[in-house]
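Next up, protein-v4.cif (mmCIF, N, CA and C atoms):
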```cif
data_upload
loop_
_atom_site.label_atom_id
_atom_site.label_comp_id
_atom_site.auth_asym_id
_atom_site.auth_seq_id
_atom_site.Cartn_x
_atom_site.Cartn_y
_atom_site.Cartn_z
N MET A 61 0.84 -1.17 0.00
CA MET A 61 0.00 0.00 0.00
C MET A 61 0.89 1.24 0.00
N GLN A 62 0.54 2.19 -0.81
CA GLN A 62 1.31 3.42 -0.88
C GLN A 62 0.93 4.33 0.28
N GLN A 63 1.86 5.19 0.66
CA GLN A 63 1.62 6.07 1.80
C GLN A 63 0.47 7.03 1.55
N ALA A 64 0.31 7.49 0.32
CA ALA A 64 -0.79 8.41 0.03
C ALA A 64 -2.14 7.75 0.31
N ARG A 65 -2.27 6.50 -0.09
CA ARG A 65 -3.52 5.78 0.15
C ARG A 65 -3.71 5.52 1.65
N ALA A 66 -2.65 5.19 2.34
CA ALA A 66 -2.74 4.97 3.78
C ALA A 66 -3.19 6.25 4.48
N ARG A 67 -2.67 7.40 4.05
CA ARG A 67 -3.10 8.68 4.63
C ARG A 67 -4.58 8.93 4.37
N GLN A 68 -5.05 8.63 3.16
CA GLN A 68 -6.47 8.81 2.84
C GLN A 68 -7.35 7.95 3.74
N ILE A 69 -6.93 6.72 3.96
CA ILE A 69 -7.71 5.80 4.80
C ILE A 69 -7.77 6.34 6.23
N LEU A 70 -6.63 6.75 6.77
CA LEU A 70 -6.61 7.28 8.13
C LEU A 70 -7.46 8.54 8.25
N GLN A 71 -7.38 9.41 7.26
CA GLN A 71 -8.18 10.64 7.29
C GLN A 71 -9.68 10.31 7.28
N SER A 72 -10.07 9.34 6.48
CA SER A 72 -11.48 8.94 6.44
C SER A 72 -11.92 8.40 7.79
N LEU A 73 -11.12 7.54 8.39
CA LEU A 73 -11.47 6.97 9.69
C LEU A 73 -11.55 8.06 10.76
N ILE A 74 -10.63 9.01 10.74
CA ILE A 74 -10.65 10.11 11.69
C ILE A 74 -11.93 10.93 11.55
N GLN A 75 -12.39 11.09 10.32
CA GLN A 75 -13.61 11.85 10.05
C GLN A 75 -14.87 11.03 10.29
N GLY A 76 -14.70 9.75 10.65
CA GLY A 76 -15.85 8.90 10.92
C GLY A 76 -16.50 8.35 9.66
N LEU A 77 -15.71 8.22 8.60
CA LEU A 77 -16.22 7.73 7.31
C LEU A 77 -15.60 6.39 6.97
N ASP A 78 -16.37 5.55 6.30
CA ASP A 78 -15.86 4.28 5.79
C ASP A 78 -14.90 4.62 4.64
N PRO A 79 -13.63 4.20 4.71
CA PRO A 79 -12.67 4.57 3.67
C PRO A 79 -12.98 3.95 2.30
N VAL A 80 -13.77 2.89 2.26
CA VAL A 80 -14.10 2.24 0.99
C VAL A 80 -15.35 2.87 0.36
N THR A 81 -16.39 3.02 1.15
CA THR A 81 -17.67 3.52 0.61
C THR A 81 -17.84 5.02 0.77
N GLY A 82 -17.15 5.62 1.74
CA GLY A 82 -17.31 7.04 1.99
C GLY A 82 -18.53 7.35 2.86
N GLN A 83 -19.25 6.32 3.26
CA GLN A 83 -20.43 6.54 4.10
C GLN A 83 -20.03 6.72 5.56
N GLU A 84 -20.89 7.42 6.29
CA GLU A 84 -20.64 7.66 7.70
C GLU A 84 -20.69 6.35 8.47
N LEU A 85 -19.73 6.18 9.37
CA LEU A 85 -19.68 4.97 10.19
C LEU A 85 -20.66 5.11 11.35
N PRO A 86 -21.17 4.00 11.86
CA PRO A 86 -22.09 4.07 13.01
C PRO A 86 -21.40 4.73 14.21
N HIS A 87 -22.18 5.44 15.01
CA HIS A 87 -21.62 6.20 16.13
C HIS A 87 -21.10 5.32 17.25
N GLU A 88 -21.51 4.07 17.31
CA GLU A 88 -21.06 3.20 18.40
C GLU A 88 -19.78 2.43 18.06
N THR A 89 -19.08 2.80 17.01
CA THR A 89 -17.85 2.09 16.63
C THR A 89 -16.72 2.45 17.59
N VAL A 90 -15.70 1.63 17.55
CA VAL A 90 -14.51 1.83 18.38
C VAL A 90 -13.80 3.14 18.02
N LEU A 91 -14.04 3.66 16.84
CA LEU A 91 -13.39 4.90 16.40
C LEU A 91 -13.84 6.11 17.21
N GLN A 92 -14.89 5.98 17.97
CA GLN A 92 -15.39 7.09 18.78
C GLN A 92 -14.63 7.23 20.10
N HIS A 93 -13.83 6.24 20.44
CA HIS A 93 -13.04 6.31 21.67
C HIS A 93 -11.87 7.28 21.49
N ALA A 94 -11.64 8.10 22.48
CA ALA A 94 -10.61 9.14 22.40
C ALA A 94 -9.23 8.57 22.13
N ASP A 95 -8.88 7.47 22.81
CA ASP A 95 -7.55 6.88 22.62
C ASP A 95 -7.36 6.36 21.20
N VAL A 96 -8.40 5.78 20.64
CA VAL A 96 -8.32 5.26 19.27
C VAL A 96 -8.15 6.43 18.30
N LEU A 97 -8.92 7.49 18.51
CA LEU A 97 -8.81 8.66 17.65
C LEU A 97 -7.42 9.28 17.75
N ARG A 98 -6.87 9.35 18.96
CA ARG A 98 -5.51 9.88 19.13
C ARG A 98 -4.49 9.01 18.40
N ALA A 99 -4.67 7.71 18.47
CA ALA A 99 -3.75 6.79 17.78
C ALA A 99 -3.83 6.99 16.28
N LEU A 100 -5.02 7.16 15.74
CA LEU A 100 -5.17 7.41 14.30
C LEU A 100 -4.51 8.72 13.91
N LEU A 101 -4.70 9.75 14.72
CA LEU A 101 -4.06 11.04 14.45
C LEU A 101 -2.53 10.92 14.51
N ALA A 102 -2.01 10.15 15.46
CA ALA A 102 -0.56 9.96 15.57
C ALA A 102 -0.03 9.23 14.34
N GLY A 103 -0.77 8.22 13.89
CA GLY A 103 -0.36 7.50 12.69
C GLY A 103 -0.36 8.39 11.46
N LEU A 104 -1.39 9.21 11.33
CA LEU A 104 -1.48 10.14 10.21
C LEU A 104 -0.33 11.15 10.26
N SER A 105 -0.03 11.66 11.44
CA SER A 105 1.06 12.61 11.60
C SER A 105 2.40 11.97 11.22
N ALA A 106 2.61 10.74 11.64
CA ALA A 106 3.86 10.04 11.31
C ALA A 106 4.00 9.85 9.80
N LEU A 107 2.92 9.49 9.13
CA LEU A 107 2.96 9.32 7.67
C LEU A 107 3.25 10.65 6.98
N GLU A 108 2.66 11.72 7.48
CA GLU A 108 2.89 13.04 6.87
C GLU A 108 4.32 13.50 7.08
N GLN A 109 4.88 13.22 8.26
CA GLN A 109 6.28 13.58 8.52
C GLN A 109 7.22 12.80 7.62
N THR A 110 6.92 11.53 7.41
CA THR A 110 7.74 10.69 6.53
C THR A 110 7.69 11.21 5.10
N ALA A 111 6.51 11.59 4.65
CA ALA A 111 6.36 12.12 3.29
C ALA A 111 7.11 13.44 3.14
N ALA A 112 7.01 14.31 4.15
CA ALA A 112 7.71 15.60 4.10
C ALA A 112 9.22 15.39 4.09
N ARG A 113 9.69 14.44 4.91
CA ARG A 113 11.13 14.15 4.96
C ARG A 113 11.62 13.64 3.60
N ALA A 114 10.84 12.76 2.99
CA ALA A 114 11.22 12.21 1.68
C ALA A 114 11.25 13.32 0.62
N GLN A 115 10.31 14.25 0.72
CA GLN A 115 10.26 15.35 -0.25
C GLN A 115 11.48 16.26 -0.08
N ARG A 116 11.84 16.56 1.18
CA ARG A 116 13.04 17.38 1.42
C ARG A 116 14.29 16.65 0.93
N ARG A 117 14.36 15.36 1.21
CA ARG A 117 15.53 14.55 0.82
C ARG A 117 15.69 14.53 -0.70
N ALA A 118 14.57 14.48 -1.42
CA ALA A 118 14.62 14.44 -2.88
C ALA A 118 15.19 15.73 -3.47
N GLN A 119 15.13 16.81 -2.72
CA GLN A 119 15.64 18.09 -3.22
C GLN A 119 17.14 18.25 -2.97
N LEU A 120 17.72 17.38 -2.16
CA LEU A 120 19.14 17.49 -1.85
C LEU A 120 19.99 16.83 -2.94
N PRO A 121 21.25 17.23 -3.04
CA PRO A 121 22.14 16.59 -4.00
C PRO A 121 22.30 15.09 -3.72
N ASP A 122 22.75 14.36 -4.74
CA ASP A 122 22.82 12.90 -4.67
C ASP A 122 23.73 12.36 -3.56
N LYS A 123 24.84 13.03 -3.31
CA LYS A 123 25.84 12.45 -2.41
C LYS A 123 25.74 12.94 -0.97
N VAL A 124 24.62 13.54 -0.59
CA VAL A 124 24.47 14.02 0.78
C VAL A 124 24.61 12.84 1.74
N GLY A 125 25.50 13.00 2.71
CA GLY A 125 25.69 11.98 3.73
C GLY A 125 26.67 10.89 3.36
N GLN A 126 27.13 10.85 2.13
CA GLN A 126 28.09 9.81 1.73
C GLN A 126 29.51 10.22 2.12
N ALA A 127 30.31 9.23 2.41
CA ALA A 127 31.71 9.48 2.78
C ALA A 127 32.49 9.99 1.57
N TRP A 128 33.49 10.79 1.86
CA TRP A 128 34.36 11.31 0.81
C TRP A 128 35.41 10.25 0.47
N THR A 129 35.64 10.07 -0.83
CA THR A 129 36.71 9.17 -1.25
C THR A 129 37.98 9.99 -1.46
N THR A 130 39.11 9.32 -1.49
CA THR A 130 40.38 10.00 -1.72
C THR A 130 40.38 10.66 -3.09
N GLU A 131 39.82 9.96 -4.07
CA GLU A 131 39.75 10.49 -5.43
C GLU A 131 38.88 11.75 -5.48
N GLU A 132 37.74 11.72 -4.79
CA GLU A 132 36.86 12.88 -4.79
C GLU A 132 37.52 14.07 -4.10
N GLU A 133 38.23 13.81 -3.01
CA GLU A 133 38.96 14.89 -2.34
C GLU A 133 40.00 15.51 -3.26
N ALA A 134 40.70 14.66 -4.02
CA ALA A 134 41.72 15.15 -4.95
C ALA A 134 41.08 16.04 -6.02
N ARG A 135 39.91 15.63 -6.53
CA ARG A 135 39.20 16.44 -7.53
C ARG A 135 38.73 17.76 -6.92
N LEU A 136 38.30 17.72 -5.65
CA LEU A 136 37.87 18.93 -4.95
C LEU A 136 39.03 19.92 -4.83
N VAL A 137 40.18 19.43 -4.39
CA VAL A 137 41.36 20.28 -4.21
C VAL A 137 41.78 20.88 -5.55
N ALA A 138 41.80 20.05 -6.60
CA ALA A 138 42.21 20.53 -7.92
C ALA A 138 41.26 21.62 -8.42
N ALA A 139 39.97 21.41 -8.27
CA ALA A 139 38.99 22.40 -8.73
C ALA A 139 39.11 23.70 -7.93
N PHE A 140 39.31 23.58 -6.63
CA PHE A 140 39.43 24.77 -5.79
C PHE A 140 40.70 25.55 -6.14
N LYS A 141 41.81 24.84 -6.32
CA LYS A 141 43.07 25.52 -6.66
C LYS A 141 43.02 26.12 -8.06
N LYS A 142 42.19 25.53 -8.93
CA LYS A 142 42.03 26.05 -10.29
C LYS A 142 41.21 27.35 -10.27
N GLY A 143 40.48 27.59 -9.16
CA GLY A 143 39.72 28.83 -9.04
C GLY A 143 38.22 28.65 -9.20
N ASP A 144 37.75 27.40 -9.30
CA ASP A 144 36.30 27.17 -9.39
C ASP A 144 35.65 27.63 -8.09
N SER A 145 34.45 28.16 -8.21
CA SER A 145 33.74 28.62 -7.01
C SER A 145 33.22 27.41 -6.23
N PRO A 146 33.09 27.55 -4.93
CA PRO A 146 32.54 26.44 -4.13
C PRO A 146 31.15 26.01 -4.59
N VAL A 147 30.34 26.94 -5.07
CA VAL A 147 29.00 26.59 -5.56
C VAL A 147 29.11 25.69 -6.79
N ALA A 148 30.00 26.03 -7.72
CA ALA A 148 30.20 25.21 -8.92
C ALA A 148 30.77 23.84 -8.54
N ILE A 149 31.68 23.83 -7.59
CA ILE A 149 32.27 22.56 -7.15
C ILE A 149 31.19 21.68 -6.52
N ALA A 150 30.30 22.30 -5.73
CA ALA A 150 29.21 21.54 -5.09
C ALA A 150 28.33 20.87 -6.15
N ARG A 151 28.01 21.60 -7.19
CA ARG A 151 27.19 21.02 -8.27
C ARG A 151 27.93 19.86 -8.95
N GLN A 152 29.22 20.04 -9.23
CA GLN A 152 30.01 19.00 -9.89
C GLN A 152 30.09 17.73 -9.06
N HIS A 153 30.17 17.89 -7.75
CA HIS A 153 30.35 16.75 -6.86
C HIS A 153 29.04 16.17 -6.34
N GLY A 154 27.92 16.83 -6.63
CA GLY A 154 26.64 16.35 -6.11
C GLY A 154 26.57 16.47 -4.60
N ARG A 155 27.14 17.55 -4.06
CA ARG A 155 27.20 17.79 -2.62
C ARG A 155 26.63 19.17 -2.33
N THR A 156 26.36 19.43 -1.07
CA THR A 156 25.89 20.76 -0.69
C THR A 156 27.06 21.71 -0.57
N LEU A 157 26.76 22.99 -0.64
CA LEU A 157 27.79 24.01 -0.46
C LEU A 157 28.42 23.87 0.93
N ARG A 158 27.60 23.56 1.90
CA ARG A 158 28.11 23.38 3.27
C ARG A 158 29.12 22.23 3.32
N ALA A 159 28.84 21.14 2.63
CA ALA A 159 29.75 19.99 2.63
C ALA A 159 31.08 20.36 1.96
N ILE A 160 31.00 21.11 0.87
CA ILE A 160 32.22 21.52 0.16
C ILE A 160 33.07 22.41 1.07
N GLU A 161 32.43 23.40 1.68
CA GLU A 161 33.18 24.31 2.54
C GLU A 161 33.74 23.59 3.76
N ALA A 162 32.98 22.67 4.32
CA ALA A 162 33.47 21.92 5.49
C ALA A 162 34.69 21.08 5.11
N ARG A 163 34.64 20.45 3.95
CA ARG A 163 35.78 19.64 3.51
C ARG A 163 36.98 20.52 3.20
N LEU A 164 36.77 21.67 2.55
CA LEU A 164 37.87 22.58 2.27
C LEU A 164 38.50 23.08 3.57
N GLU A 165 37.67 23.34 4.56
CA GLU A 165 38.19 23.77 5.86
C GLU A 165 38.98 22.64 6.52
N LYS A 166 38.46 21.44 6.45
CA LYS A 166 39.15 20.29 7.05
C LYS A 166 40.51 20.06 6.39
N LEU A 167 40.57 20.31 5.08
CA LEU A 167 41.81 20.12 4.35
C LEU A 167 42.76 21.31 4.50
N GLY A 168 42.33 22.34 5.22
CA GLY A 168 43.18 23.51 5.47
C GLY A 168 43.24 24.49 4.32
N LEU A 169 42.30 24.40 3.39
CA LEU A 169 42.32 25.29 2.23
C LEU A 169 41.55 26.58 2.47
N ILE A 170 40.63 26.57 3.43
CA ILE A 170 39.94 27.79 3.84
C ILE A 170 39.83 27.76 5.37
N THR A 171 39.56 28.93 5.94
CA THR A 171 39.36 29.01 7.39
C THR A 171 37.87 29.05 7.68
N ALA A 172 37.51 28.87 8.93
CA ALA A 172 36.10 28.93 9.33
C ALA A 172 35.51 30.29 9.00
N GLU A 173 36.31 31.34 9.11
CA GLU A 173 35.83 32.69 8.82
C GLU A 173 35.56 32.90 7.33
N GLU A 174 36.19 32.12 6.48
CA GLU A 174 35.98 32.26 5.04
C GLU A 174 34.74 31.52 4.55
N ARG A 175 34.19 30.68 5.40
CA ARG A 175 32.99 29.94 5.00
C ARG A 175 31.80 30.87 4.87
N THR A 176 30.90 30.55 3.95
CA THR A 176 29.68 31.35 3.77
C THR A 176 28.47 30.66 4.37
N THR A 177 28.57 29.38 4.66
CA THR A 177 27.45 28.63 5.22
C THR A 177 27.58 28.55 6.73
N ARG A 178 26.46 28.58 7.38
CA ARG A 178 26.44 28.49 8.84
C ARG A 178 25.23 27.67 9.27
N GLY A 179 25.43 26.45 9.67
CA GLY A 179 24.40 25.66 10.31
C GLY A 179 23.22 25.23 9.49
N GLY A 180 23.27 25.25 8.18
CA GLY A 180 22.16 24.78 7.35
C GLY A 180 22.70 23.95 6.22
N PHE A 181 21.83 23.33 5.46
CA PHE A 181 22.29 22.50 4.36
C PHE A 181 22.86 23.34 3.24
N THR A 182 22.21 24.42 2.89
CA THR A 182 22.69 25.25 1.79
C THR A 182 22.46 26.70 2.13
N GLY A 183 22.91 27.55 1.27
CA GLY A 183 22.62 28.95 1.42
C GLY A 183 23.83 29.75 1.82
N VAL A 184 23.78 31.01 1.50
CA VAL A 184 24.83 31.93 1.85
C VAL A 184 24.21 32.98 2.74
N THR A 185 24.86 33.29 3.81
CA THR A 185 24.31 34.25 4.76
C THR A 185 25.11 35.54 4.72
N ASP A 186 24.43 36.66 4.86
CA ASP A 186 25.10 37.96 4.90
C ASP A 186 25.47 38.34 6.32
N THR A 187 24.83 37.71 7.28
CA THR A 187 25.09 38.05 8.67
C THR A 187 26.24 37.22 9.21
N PRO A 188 27.13 37.84 9.95
CA PRO A 188 28.25 37.06 10.51
C PRO A 188 27.73 36.11 11.57
N PRO A 189 28.42 35.02 11.79
CA PRO A 189 27.96 34.06 12.80
C PRO A 189 28.09 34.64 14.20
N ARG A 190 27.19 34.21 15.08
CA ARG A 190 27.30 34.60 16.48
C ARG A 190 28.49 33.89 17.09
N PRO A 191 29.20 34.55 17.99
CA PRO A 191 30.32 33.86 18.63
C PRO A 191 29.79 32.68 19.43
N ARG A 192 30.51 31.59 19.37
CA ARG A 192 30.09 30.39 20.08
C ARG A 192 30.47 30.51 21.55
N MET A 193 29.57 30.02 22.40
CA MET A 193 29.82 30.06 23.84
C MET A 193 29.81 28.64 24.37
N ALA A 194 30.56 28.45 25.40
CA ALA A 194 30.51 27.15 26.07
C ALA A 194 29.16 27.01 26.75
N ARG A 195 28.71 25.79 26.91
CA ARG A 195 27.40 25.54 27.51
C ARG A 195 27.27 26.22 28.88
N GLY A 196 28.30 26.18 29.67
CA GLY A 196 28.26 26.80 30.99
C GLY A 196 28.04 28.30 30.90
N ALA A 197 28.63 28.94 29.89
CA ALA A 197 28.46 30.38 29.72
C ALA A 197 27.01 30.72 29.38
N ILE A 198 26.39 29.90 28.55
CA ILE A 198 25.00 30.14 28.17
C ILE A 198 24.09 29.97 29.38
N LEU A 199 24.28 28.90 30.12
CA LEU A 199 23.46 28.68 31.32
C LEU A 199 23.67 29.77 32.34
N GLY A 200 24.91 30.22 32.50
CA GLY A 200 25.19 31.30 33.43
C GLY A 200 24.51 32.59 33.03
N ARG A 201 24.50 32.89 31.73
CA ARG A 201 23.84 34.09 31.22
C ARG A 201 22.34 34.02 31.47
N LYS A 202 21.73 32.85 31.23
CA LYS A 202 20.30 32.69 31.47
C LYS A 202 19.97 32.87 32.94
N ARG A 203 20.79 32.31 33.80
CA ARG A 203 20.58 32.44 35.24
C ARG A 203 20.64 33.91 35.65
N GLN A 204 21.61 34.64 35.10
CA GLN A 204 21.76 36.05 35.41
C GLN A 204 20.56 36.85 34.92
N GLN A 205 20.01 36.51 33.73
CA GLN A 205 18.84 37.20 33.20
C GLN A 205 17.63 36.97 34.10
N ARG A 206 17.46 35.75 34.60
CA ARG A 206 16.34 35.46 35.50
C ARG A 206 16.45 36.27 36.78
N ARG A 207 17.65 36.35 37.32
CA ARG A 207 17.86 37.09 38.56
C ARG A 207 17.58 38.58 38.38
N SER A 208 17.95 39.12 37.22
CA SER A 208 17.75 40.55 36.99
C SER A 208 16.26 40.89 36.79
N ARG A 209 15.46 39.93 36.37
CA ARG A 209 14.01 40.15 36.22
C ARG A 209 13.31 40.14 37.56
N HIS A 210 13.83 39.40 38.51
CA HIS A 210 13.20 39.25 39.82
C HIS A 210 14.14 39.74 40.92
N PRO A 211 14.21 41.06 41.11
CA PRO A 211 15.15 41.60 42.13
C PRO A 211 14.74 41.28 43.53
#
```

As structure tokens - that is how I would like this structure written.
Amino acid sequence: MQQARARQILQSLIQGLDPVTGQELPHETVLQHADVLRALLAGLSALEQTAARAQRRAQLPDKVGQAWTTEEEARLVAAFKKGDSPVAIARQHGRTLRAIEARLEKLGLITAEERTTRGGFTGVTDTPPRPRMARGAILGRKRQQRRSRHP
């Protein structure tokens, strides 16, 4: 059964309709119980999340998440030293811009400050990154903010 059909069936049951005939189900059915209805809604939500994830995944380049080979790294270095832009290199390699910049940084060809991506799969940001803080510093700052609100 395809997920689209499974979603249709769950939606019909949630609405109190027979998924085959479309007719209203009797009011004394098990579907009227709150726990059963919650379970159907949870199932529908899970199917929708899976479909959304698959749709997002389909928009990503082919090699997202795959390990880098020595040969691919060599091609990356050659293209970068030749002057190709990271965006063009990303297209050639079937990788995200973030992956290209991360690999170039790991190989010592660019610094973290030279990267244009920050914390997302793709995109170039005009805003500089926020300075990173240690977890203790963040918690300490939050504690201080709470204290200043309640003198």

Pick out the residues sitting within 8 Å of region 94-99 of chain A, and hand them over as a VMD selection string; count all atoms listed in the file, and ignore anything fewer than 4 positions along from it in its own chain. chain A and resid 73 to 74 90 103 to 105

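Of the listed residues (A:His87, A:Ala64, A:Pro146, A:Leu77), A:Ala64 comes nearest to Leu107 (chain A); the distances count only C-alpha atoms.
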
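Interatomic distance, atom N of His93 (chain A) to CA of Gln109 (chain A): 24.5 Å.
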
Axis-aligned box for region 95-111 of chain A, 8 Å per side, centre and edges in Å as JSON:
```
{"center_x": -0.6, "center_y": 9.4, "center_z": 13.0, "size_x": 32.7, "size_y": 24.3, "size_z": 35.7}
```

Answer as a list of chain:residue names, residues within 12 Å of (28.2, 16.8, -8.5) using only C-alpha atoms: A:Leu120, A:Pro121, A:Asp122, A:Lys123, A:Val124, A:Glu132, A:Arg135, A:Leu136, A:Pro146, A:Val147, A:Ala148, A:Ile149, A:Ala150, A:Arg151, A:Gln152, A:His153, A:Gly154, A:Arg155, A:Thr156, A:Leu157, A:Ala159, A:Ile160

One decimal, in Å: what's the spacing between CA of Gln115 (chain A) and CA of Ser145 (chain A)?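 For CA of Gln115 (chain A) relative to CA of Ser145 (chain A), the distance reads 27.8 Å.
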
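Pairwise distance (CA of Arg113 (chain A), CA of Ala66 (chain A)) equals 16.7 Å.
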
Just list as a PyMOL selection string whatever in region 64-173 of chain A DSSP marks as alpha helix (DSSP H). chain A and resi 64-74+94-119+130-142+146-153+157-166

Skip Leu85 (chain A) itself and residues of its chain fewer than 6 positions away, then list as a ChimeraX atom specification all residues within 8 Å of it, counting all atoms listed in the file. /A:75-79

If you keep N, CA and C atoms, can you output region 76-98 of chain A as a PDB file, in the first residue's frame?
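New file out.pdb:
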```pdb
ATOM      1  N   GLY A  76     -14.701   9.754  10.648  1.00  0.00           N
ATOM      2  CA  GLY A  76     -15.850   8.896  10.919  1.00  0.00           C
ATOM      3  C   GLY A  76     -16.498   8.346   9.662  1.00  0.00           C
ATOM      4  N   LEU A  77     -15.708   8.223   8.595  1.00  0.00           N
ATOM      5  CA  LEU A  77     -16.225   7.728   7.314  1.00  0.00           C
ATOM      6  C   LEU A  77     -15.595   6.392   6.970  1.00  0.00           C
ATOM      7  N   ASP A  78     -16.370   5.546   6.302  1.00  0.00           N
ATOM      8  CA  ASP A  78     -15.862   4.281   5.786  1.00  0.00           C
ATOM      9  C   ASP A  78     -14.902   4.616   4.644  1.00  0.00           C
ATOM     10  N   PRO A  79     -13.630   4.205   4.709  1.00  0.00           N
ATOM     11  CA  PRO A  79     -12.669   4.572   3.667  1.00  0.00           C
ATOM     12  C   PRO A  79     -12.979   3.954   2.302  1.00  0.00           C
ATOM     13  N   VAL A  80     -13.772   2.893   2.257  1.00  0.00           N
ATOM     14  CA  VAL A  80     -14.103   2.237   0.990  1.00  0.00           C
ATOM     15  C   VAL A  80     -15.346   2.871   0.361  1.00  0.00           C
ATOM     16  N   THR A  81     -16.394   3.022   1.155  1.00  0.00           N
ATOM     17  CA  THR A  81     -17.670   3.517   0.608  1.00  0.00           C
ATOM     18  C   THR A  81     -17.841   5.016   0.768  1.00  0.00           C
ATOM     19  N   GLY A  82     -17.150   5.617   1.735  1.00  0.00           N
ATOM     20  CA  GLY A  82     -17.312   7.041   1.994  1.00  0.00           C
ATOM     21  C   GLY A  82     -18.526   7.355   2.860  1.00  0.00           C
ATOM     22  N   GLN A  83     -19.251   6.322   3.262  1.00  0.00           N
ATOM     23  CA  GLN A  83     -20.432   6.538   4.097  1.00  0.00           C
ATOM     24  C   GLN A  83     -20.029   6.722   5.557  1.00  0.00           C
ATOM     25  N   GLU A  84     -20.890   7.419   6.289  1.00  0.00           N
ATOM     26  CA  GLU A  84     -20.636   7.664   7.700  1.00  0.00           C
ATOM     27  C   GLU A  84     -20.687   6.351   8.468  1.00  0.00           C
ATOM     28  N   LEU A  85     -19.727   6.177   9.365  1.00  0.00           N
ATOM     29  CA  LEU A  85     -19.676   4.971  10.190  1.00  0.00           C
ATOM     30  C   LEU A  85     -20.661   5.113  11.351  1.00  0.00           C
ATOM     31  N   PRO A  86     -21.173   4.000  11.860  1.00  0.00           N
ATOM     32  CA  PRO A  86     -22.088   4.069  13.014  1.00  0.00           C
ATOM     33  C   PRO A  86     -21.400   4.733  14.210  1.00  0.00           C
ATOM     34  N   HIS A  87     -22.175   5.443  15.005  1.00  0.00           N
ATOM     35  CA  HIS A  87     -21.622   6.203  16.132  1.00  0.00           C
ATOM     36  C   HIS A  87     -21.096   5.315  17.254  1.00  0.00           C
ATOM     37  N   GLU A  88     -21.506   4.070  17.307  1.00  0.00           N
ATOM     38  CA  GLU A  88     -21.057   3.198  18.401  1.00  0.00           C
ATOM     39  C   GLU A  88     -19.777   2.434  18.061  1.00  0.00           C
ATOM     40  N   THR A  89     -19.078   2.797  17.008  1.00  0.00           N
ATOM     41  CA  THR A  89     -17.852   2.091  16.633  1.00  0.00           C
ATOM     42  C   THR A  89     -16.716   2.446  17.586  1.00  0.00           C
ATOM     43  N   VAL A  90     -15.696   1.634  17.553  1.00  0.00           N
ATOM     44  CA  VAL A  90     -14.511   1.828  18.378  1.00  0.00           C
ATOM     45  C   VAL A  90     -13.802   3.144  18.021  1.00  0.00           C
ATOM     46  N   LEU A  91     -14.043   3.659  16.840  1.00  0.00           N
ATOM     47  CA  LEU A  91     -13.392   4.901  16.402  1.00  0.00           C
ATOM     48  C   LEU A  91     -13.839   6.107  17.210  1.00  0.00           C
ATOM     49  N   GLN A  92     -14.893   5.979  17.969  1.00  0.00           N
ATOM     50  CA  GLN A  92     -15.390   7.091  18.779  1.00  0.00           C
ATOM     51  C   GLN A  92     -14.628   7.229  20.098  1.00  0.00           C
ATOM     52  N   HIS A  93     -13.826   6.239  20.443  1.00  0.00           N
ATOM     53  CA  HIS A  93     -13.039   6.306  21.674  1.00  0.00           C
ATOM     54  C   HIS A  93     -11.872   7.279  21.489  1.00  0.00           C
ATOM     55  N   ALA A  94     -11.642   8.098  22.485  1.00  0.00           N
ATOM     56  CA  ALA A  94     -10.608   9.143  22.395  1.00  0.00           C
ATOM     57  C   ALA A  94      -9.225   8.567  22.133  1.00  0.00           C
ATOM     58  N   ASP A  95      -8.875   7.467  22.807  1.00  0.00           N
ATOM     59  CA  ASP A  95      -7.547   6.877  22.617  1.00  0.00           C
ATOM     60  C   ASP A  95      -7.359   6.360  21.203  1.00  0.00           C
ATOM     61  N   VAL A  96      -8.404   5.777  20.637  1.00  0.00           N
ATOM     62  CA  VAL A  96      -8.323   5.262  19.265  1.00  0.00           C
ATOM     63  C   VAL A  96      -8.153   6.426  18.296  1.00  0.00           C
ATOM     64  N   LEU A  97      -8.923   7.487  18.507  1.00  0.00           N
ATOM     65  CA  LEU A  97      -8.813   8.656  17.645  1.00  0.00           C
ATOM     66  C   LEU A  97      -7.421   9.283  17.748  1.00  0.00           C
ATOM     67  N   ARG A  98      -6.872   9.349  18.957  1.00  0.00           N
ATOM     68  CA  ARG A  98      -5.513   9.883  19.130  1.00  0.00           C
ATOM     69  C   ARG A  98      -4.488   9.007  18.404  1.00  0.00           C
TER      70      ARG A  98
END
```
